[in-house]
Structures are given as structure tokens and as C-alpha cells.
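Participant: Got a structure here, written out as C-alpha cells. Questions coming.
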Amino acid sequence: MELTEAKHKFIEAWGKLGSEWGINRTMAQIHALLLISPNALTTEEIMETLSISRGNANMTLRDLIGWGLIEKQHRAGERKEYFYADKDTWNIARQVAKERRKRELDPVLKVLEEISKVEGDPKDPEFATFYKSVTDINKLAKNVDKTLDTMLKAEESWFWGSIFKIFK
């Protein structure tokens, strides 16, 4: 397989993976392109490589910056903006976990905390079922949050070493 074909395949696979994880396919494809590019790319280079519109490229690049996955760079004497992605996969994993936590887990934890304070008769089957379900989900969500907190603070080798010890 030639490098060009391999790059295309990687971009497509990363896009598919991203869309399965709830991230816009184009967002994942632009991220993939920047991941495998040794140099920062302009919006025009991204548009041309992925055959996407300027509007789609600009909106998606803003989203990627918002997620903390890419950075915008300027070069002296040039008006063009350049975009660069961190190549360190551990940094990427931690950044995605941090953003997903903020966008998905934190709001759920807030709601679960609020509704777990519901009052009722523990002998009432409807209340008992509701309370147990909410309490169990809240406990799980808090454990996931603690795990994410550990991941976000940990060095890669320590984190994976700890995870692998659990499964031995």
C-alpha cells in the first residue's frame, strides 16, 4: 500500500470512529489529517485535501480549537492561518476525556445529585425502584468521574500499568 492510500484510509477510519463516538465525521477527519501532517496546514489545504467547503472547514476548525485538539498558528508576514494538531496520543486521549466529561458527565452528575434527594416512602415499590436505580447510576457515574480524574492527572505509563494490574 502506498503512503497516499494509507493516509486516505486512516482519515476515513478516524472519521468513522469519531462518528461512532458521537463526534462529527468531518471534525474527526480534519483532526486525522492534522495528526498525520508533519507541518501545520492552512484552511485551503484542508479544504482541498478533504474536498469540503470553506464554511464546513471554518466551523469544524473552530470546534476542534474549542475541544483543545488543535491550535491556530500565524506566521510572520502572512495573512493565512495555519492549524496544527498535537501528535501525542496520550495528550489527545486526556483532552477528549476532559471535554466529554465537561459536556456529558458533569451535567448528568448534577441531575443525578439533585434527583437522588427525592423523598418518599421506601416501602412504596415505585419509589424504591426509582431511588435504587438513581442511586446506583449516581454511584457508577461518580466512579467514572473519579477514574477520569485519575486519568487526567496521571502519566501514561502509570495509568496503563494500573489498568493492566486490575485485569491480571
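How things are named: the first chain in the C-alpha cells is A, the next is B, and so on; residues count from 1 in each chain; ligands count from 1 in the order shown.
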At a cut-off of 10 Å, can you tabulate as a Markdown table every residue of range 52-84 of chain A near range 89-95 of chain A together with its closest atom pair and the distance in Å to one decimal, using only C-alpha atoms and ordering rows by chain then number?
Facilitator:
| residue | atom | partner | partner_atom | distance |
| --- | --- | --- | --- | --- |
| A:Trp67 | CA | A:Gln95 | CA | 7.4 |
| A:Gly68 | CA | A:Gln95 | CA | 6.7 |
| A:Leu69 | CA | A:Ile92 | CA | 6.7 |
| A:Ile70 | CA | A:Ile92 | CA | 9.7 |
Participant: I'd like to know which residues of chain A are strand (DSSP E or B) (by DSSP, run on the backbone); could you write them as a list in words?
Facilitator: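 Filtering chain A down to strand (DSSP E or B) leaves Leu41, Thr42, Ile70, Glu71, Lys72, Gln73, His74, Glu81, Tyr82, Phe83, Tyr84 and Ala85 of chain A.
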Participant: Neighbours of range 20-30 of chain A within 6 Å (only C-alpha atoms; same-chain residues fewer than 3 positions away dropped), as a list of chain:residue names?
Facilitator: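 So, after excluding close chain neighbours, the residues are A:Ile11, A:Trp14, A:Gly15, A:Leu17, A:Leu33, A:Thr60.
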Participant: Please provide the set of residues having any atom within 12 Å of Val118 in chain A, restricted to only C-alpha atoms, with same-chain residues fewer than 4 positions apart removed, written as a list in words.
Facilitator: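 That gives Val111, Leu112, Glu113, Glu114, Pro122, Phe127, Ala128, Phe130, Tyr131, Lys132, Val134 and Thr135 of chain A.
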Participant: Write the residues of the preceding selection, restricted to C-alpha atoms, as a PDB file, in the first residue's frame.
Facilitator:
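Saved the output as selection_39.pdb:
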ATOM      1  CA  VAL A 111     -29.051  15.999  37.668  1.00  0.00           C
ATOM      2  CA  LEU A 112     -28.425  12.697  39.461  1.00  0.00           C
ATOM      3  CA  GLU A 113     -27.290  14.516  42.591  1.00  0.00           C
ATOM      4  CA  GLU A 114     -30.440  16.622  42.516  1.00  0.00           C
ATOM      5  CA  PRO A 122     -39.168   3.322  50.992  1.00  0.00           C
ATOM      6  CA  PHE A 127     -40.317   4.966  44.944  1.00  0.00           C
ATOM      7  CA  ALA A 128     -37.977   2.132  45.993  1.00  0.00           C
ATOM      8  CA  PHE A 130     -36.721   4.748  41.302  1.00  0.00           C
ATOM      9  CA  TYR A 131     -34.485   5.526  44.273  1.00  0.00           C
ATOM     10  CA  LYS A 132     -32.361   2.388  43.854  1.00  0.00           C
ATOM     11  CA  VAL A 134     -30.945   6.624  40.557  1.00  0.00           C
ATOM     12  CA  THR A 135     -28.625   5.849  43.492  1.00  0.00           C
TER      13      THR A 135
END
Participant: Tell me, as a list in words, which residues lie within 12 Å of His74 in chain A, counting only C-alpha atoms; anything in the same chain fewer than 5 positions away does not count.
Facilitator: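 Near His74 in chain A, the qualifying residues are Ala40, Leu41, Thr42, Arg79, Lys80, Glu81, Tyr82, Phe83 and Tyr84 of chain A.
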Participant: Report, in Å to a single decimal, how far apart CA of Glu5 in chain A and CA of Ser53 in chain A are.
Facilitator: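 The value is 22.4 Å.
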Participant: Would you kindly return, as JSON, numbers by chain, each protein, DNA or RNA residue with an atom no farther than 7 Å from any atom of Leu109 in chain A, considering only C-alpha atoms and excluding same-chain residues fewer than 4 positions away?
Facilitator: {"A": [105, 113, 138, 141]}
Participant: What separation in Å, quoted to one decimal, exists between CA of Ala97 in chain A and CA of Leu152 in chain A?
Facilitator: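 Interatomic distance, CA of Ala97 in chain A to CA of Leu152 in chain A: 7.7 Å.
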Participant: Nearest to Lys98 in chain A among A:Lys153, A:His8, A:Lys168, A:Lys72, with distances taken over only C-alpha atoms: which residue is it?
Facilitator: A:Lys153
Participant: Kindly give the distance, in Å, that separates CA of Ser19 in chain A and CA of Phe167 in chain A, rounded to a single decimal.
Facilitator: 28.9 Å
Participant: For the helix (DSSP H, G or I) assignment from backbone DSSP, which residues of chain A qualify? Please present them as a ChimeraX atom specification.
Facilitator: /A:3-20,25-35,43-50,54-66,89-115,125-153,156-166
Participant: A:Ser157, A:Gln73, A:Ser116, A:Thr129: which is nearest Asn39 in chain A, counting only C-alpha atoms?
Facilitator: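 Of the candidates, the smallest distance to Asn39 in chain A is held by A:Gln73.
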